[in-house]
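The structure appears right after this line, and notes come after that.
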Amino acid sequence: MTVVGNAEHADPQTGQCIIAAVPVAPNDTVWIHGESAAASARSVLEVGTVDRNADATGVCTYVAHFDAVPANQRGYTITVNRFESPSFHAGEIEEGATFYLHEFPPGSDPSGIGDGDRVGTP
């Protein structure tokens, strides 16, 4: 899976980027959640590229590798820090889906574990 975000501050040396006022960095946890509470998997971000502009903004690309995607779910969401994806299906994730980071909706559970009322930002 690829995770991409437009950063208001990008640091190629550390790999840390500030995206929508949220720090994102290597080794941050990435969660896949199926529709069932028991259907989840996790990985960590690895730096793909951090392209920094002269004004310190940039585009940050990370990758995450999962040993297995939880089986038999109609849809999956991905969470990274305070970001949550729209729904993906298993084939998209297995083929290397790209998740473009958007800010978590106000009042949502940023851990991605909660009452199941998680709403992704398109």
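Labels for the structure tokens follow display order: chains A, B, ..., residues from 1 in each chain, ligands from 1.
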Expected answer as a VMD selection string: strand (DSSP E) residues in chain A: chain A and resid 2 to 7 9 to 10 17 to 19 22 to 24 29 to 33 40 to 44 46 to 52 58 to 63 77 to 80 83 to 84 98 to 100
Polymer residues at most 9 Å from Gly58 (chain A), only C-alpha atoms, same-chain spacing of 4 or more positions, as JSON, numbers by chain: {"A": [5, 6, 7, 8, 9, 10, 11, 17, 50, 51, 52, 53, 54]}
Backbone DSSP call of helix (DSSP H, G or I) for chain A, listed as a count of residues only: 5
Spatial neighbours of Ile32 (chain A), 7 Å, only C-alpha atoms, chain gap at least 4 places, as an mmCIF file with N, CA, C and O atoms, in the first residue's frame:
data_model
loop_
_atom_site.group_PDB
_atom_site.id
_atom_site.type_symbol
_atom_site.label_atom_id
_atom_site.label_comp_id
_atom_site.auth_asym_id
_atom_site.auth_seq_id
_atom_site.Cartn_x
_atom_site.Cartn_y
_atom_site.Cartn_z
ATOM 1 N N SER A 40 -8.753 -6.974 11.537
ATOM 2 C CA SER A 40 -7.831 -5.852 11.416
ATOM 3 C C SER A 40 -6.409 -6.379 11.270
ATOM 4 O O SER A 40 -6.113 -7.517 11.621
ATOM 5 N N ALA A 41 -5.572 -5.533 10.728
ATOM 6 C CA ALA A 41 -4.154 -5.841 10.584
ATOM 7 C C ALA A 41 -3.395 -4.539 10.706
ATOM 8 O O ALA A 41 -3.952 -3.463 10.489
ATOM 9 N N ARG A 42 -2.118 -4.623 11.062
ATOM 10 C CA ARG A 42 -1.337 -3.402 11.170
ATOM 11 C C ARG A 42 0.036 -3.568 10.558
ATOM 12 O O ARG A 42 0.540 -4.678 10.390
ATOM 13 N N TYR A 76 -12.918 -2.239 3.522
ATOM 14 C CA TYR A 76 -11.852 -1.995 4.486
ATOM 15 C C TYR A 76 -11.537 -0.513 4.521
ATOM 16 O O TYR A 76 -11.577 0.154 3.489
ATOM 17 N N THR A 77 -11.196 -0.004 5.698
ATOM 18 C CA THR A 77 -10.682 1.356 5.807
ATOM 19 C C THR A 77 -9.259 1.270 6.356
ATOM 20 O O THR A 77 -8.896 0.316 7.040
ATOM 21 N N ILE A 78 -8.496 2.286 6.019
ATOM 22 C CA ILE A 78 -7.110 2.383 6.457
ATOM 23 C C ILE A 78 -7.006 3.600 7.360
ATOM 24 O O ILE A 78 -7.563 4.653 7.043
ATOM 25 N N THR A 79 -6.304 3.480 8.480
ATOM 26 C CA THR A 79 -6.051 4.633 9.328
ATOM 27 C C THR A 79 -4.551 4.797 9.543
ATOM 28 O O THR A 79 -3.818 3.823 9.693
#
Computed interatomic separation between CA of Ala71 (chain A) and CA of Ser43 (chain A) (Å):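 CA of Ser43 (chain A) lies at a distance of 16.5 Å from CA of Ala71 (chain A).
Take the candidates A:Leu101, A:Pro70, A:Val3, A:Asp55 and check each one against Arg82 (chain A) using only C-alpha atoms; the shortest distance goes to A:Leu101.
Comparing A:Gly91, A:Gly96, A:Gly75, A:Pro26 by their smallest distance to Cys60 (chain A), the closest is A:Pro26 (using only C-alpha atoms).
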